[in-house]
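Read the structure below first, then the notes.
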Amino acid sequence: MHLVLIVILLISFNVYSKEKLVWPPPPDEPKIEWIKSIKRVEDVEGERSFFGKILDVIIGKEKKQIIKPFGSFFYNNKLYFTDTGANTVFIFDFKKKNVEYIDSIGDYQFSSPIDVVVDRKGNIYVSDSVLGAVFVFDKDGNYRGKIGSGFLKRPTGLAINQKKGWIYVSDTLADKIYVFNLKGKLIMQIGKTGKGDGEFNKPTFITLDRKGNLYVVDTMNARIQIFDKDGNFLRKFGKRGTVIGTFANPRGIAVDTKGNIYVTDTLLSAVQIFNQEGKLLLVIGYYGTRDGEFAFPEDITINSKNYIFVSDSYNMRIQVFRYLKGGD
């Protein structure tokens, strides 16, 4: 009897383990699939051998771990993300299965690295909200300079227009979006404090779509605002609330290849997906620690193959999903 029970349990486990975690669930056609969680650098690099670990100790190689992932950016097979707990920028090279770090600004340390973007040459730009600047590093992580020092009040979200060579900086305290060229010259500024169209109340993360349109998470106004490539207001959507389809504390934003808009909400602990008109299409997750659940998610980024990376901050991990298309 006990043997039969064990066999039944094993069969049940194998069936369950092969099931994919998708949204919406069957029998509806799936649009989003959960891929994996990245909790440790070993999830990218693989486990070190015994002798490799000894060598790390001998040469003093520091092995950093994920504490509180925050802002993110995907470029050239690499996931870049800031970690406000480790005060570090992690660089995951999925092709080479290698992990690198940036944890200092010359002789100084990051204080609160919030977001990161990368230009076509591989130069890395990191906003630090406490130090009040965007810091620039070359592709090897060497410090090269800063943008907006003495000008920016609290830089947070970043976006980059690769064709124009412009970097967009959300200044949460100033209620503005500043646009610089990659040498740090101010090109334009968007917005002011307020509740009207084109006005902000503590904007946070930002992103650009393929047309160069700018999407701003207007956090304390509990809405998303969209601007054209010249900074002109186009439209908005969202309202404050505690149920799906509304925003309690919107934070991260990304746009997939079909133009669907993904917004994380730290208080709802979910990712909500909208169309370009702001109609709710789908909700991923709720508060929890299991696969597909979140604890105060921050930023979100989507690569050209529609892989979705969510900074699941208080679960100390990056969760990876994929948009499967399959209709609206």
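Letters A, B, ... mark the chains of the structure tokens in the order given; residue numbers begin at 1 per chain; ligand numbers begin at 1, in order shown.
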- Message: Taking 3 positions as the minimum chain separation for residues in the same chain, which residues sit within 6 Å of Lys68 (chain A) when counting only C-alpha atoms? Answer as a list in words.
- Response: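 What passes the distance filter is Asp83, Thr84, Gly85, Ser313 and Met316 of chain A.
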Could you please take those selected residues and save N, CA, C and O atoms as a PDB file, in the first residue's frame?
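Output (result05.pdb):
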ATOM      1  N   ASP A  83      21.650  47.328  -7.775  1.00  0.00           N
ATOM      2  CA  ASP A  83      21.219  46.682  -6.541  1.00  0.00           C
ATOM      3  C   ASP A  83      21.434  47.684  -5.414  1.00  0.00           C
ATOM      4  O   ASP A  83      22.577  47.991  -5.057  1.00  0.00           O
ATOM      5  N   THR A  84      20.343  48.218  -4.867  1.00  0.00           N
ATOM      6  CA  THR A  84      20.461  49.256  -3.848  1.00  0.00           C
ATOM      7  C   THR A  84      20.839  48.682  -2.488  1.00  0.00           C
ATOM      8  O   THR A  84      21.213  49.432  -1.583  1.00  0.00           O
ATOM      9  N   GLY A  85      20.750  47.368  -2.336  1.00  0.00           N
ATOM     10  CA  GLY A  85      21.199  46.738  -1.107  1.00  0.00           C
ATOM     11  C   GLY A  85      22.697  46.507  -1.114  1.00  0.00           C
ATOM     12  O   GLY A  85      23.387  46.727  -0.115  1.00  0.00           O
ATOM     13  N   SER A 313      12.305  42.883  -5.897  1.00  0.00           N
ATOM     14  CA  SER A 313      13.282  43.416  -4.944  1.00  0.00           C
ATOM     15  C   SER A 313      13.306  42.718  -3.593  1.00  0.00           C
ATOM     16  O   SER A 313      14.353  42.289  -3.122  1.00  0.00           O
ATOM     17  N   MET A 316      14.571  39.330  -3.390  1.00  0.00           N
ATOM     18  CA  MET A 316      16.010  39.250  -3.661  1.00  0.00           C
ATOM     19  C   MET A 316      16.313  38.413  -4.909  1.00  0.00           C
ATOM     20  O   MET A 316      17.201  37.572  -4.922  1.00  0.00           O
TER      21      MET A 316
END
- Message: Env of Pro69 (chain A): 9 Å cut, atoms = only C-alpha atoms, seq-sep filter 6 positions within chain, self excluded. Answer as an MDAnalysis selection string.
- Response: chainID A and resid 81:86 297:299 310:314 316:318
- Name the residues in contact with Val116 (chain A) at a cut-off of 9 Å, using only C-alpha atoms, excluding same-chain residues fewer than 2 positions from it; report them as a PyMOL selection string. chain A and resi 71-73+80-82+89+113-114+118+124-127+157-159
- Message: Given only C-alpha atoms as the basis, pick out the residue of A:Thr207, A:Leu152, A:Asn201, A:Arg223 nearest to Gln189 (chain A).
- Response: A:Leu152
Per residue of region 139-237 of chain A within 12 Å of region 74-77 of chain A, note the shortest atom pair and the distance in Å to one decimal, counting only C-alpha atoms, and order the rows by chain and increasing residue number, as a Markdown table.
| residue | atom | partner | partner_atom | distance |
| --- | --- | --- | --- | --- |
| A:Lys139 | CA | A:Asn76 | CA | 11.7 |
| A:Ala159 | CA | A:Phe74 | CA | 11.6 |
| A:Ile160 | CA | A:Tyr75 | CA | 11.4 |
| A:Gln162 | CA | A:Tyr75 | CA | 11.2 |
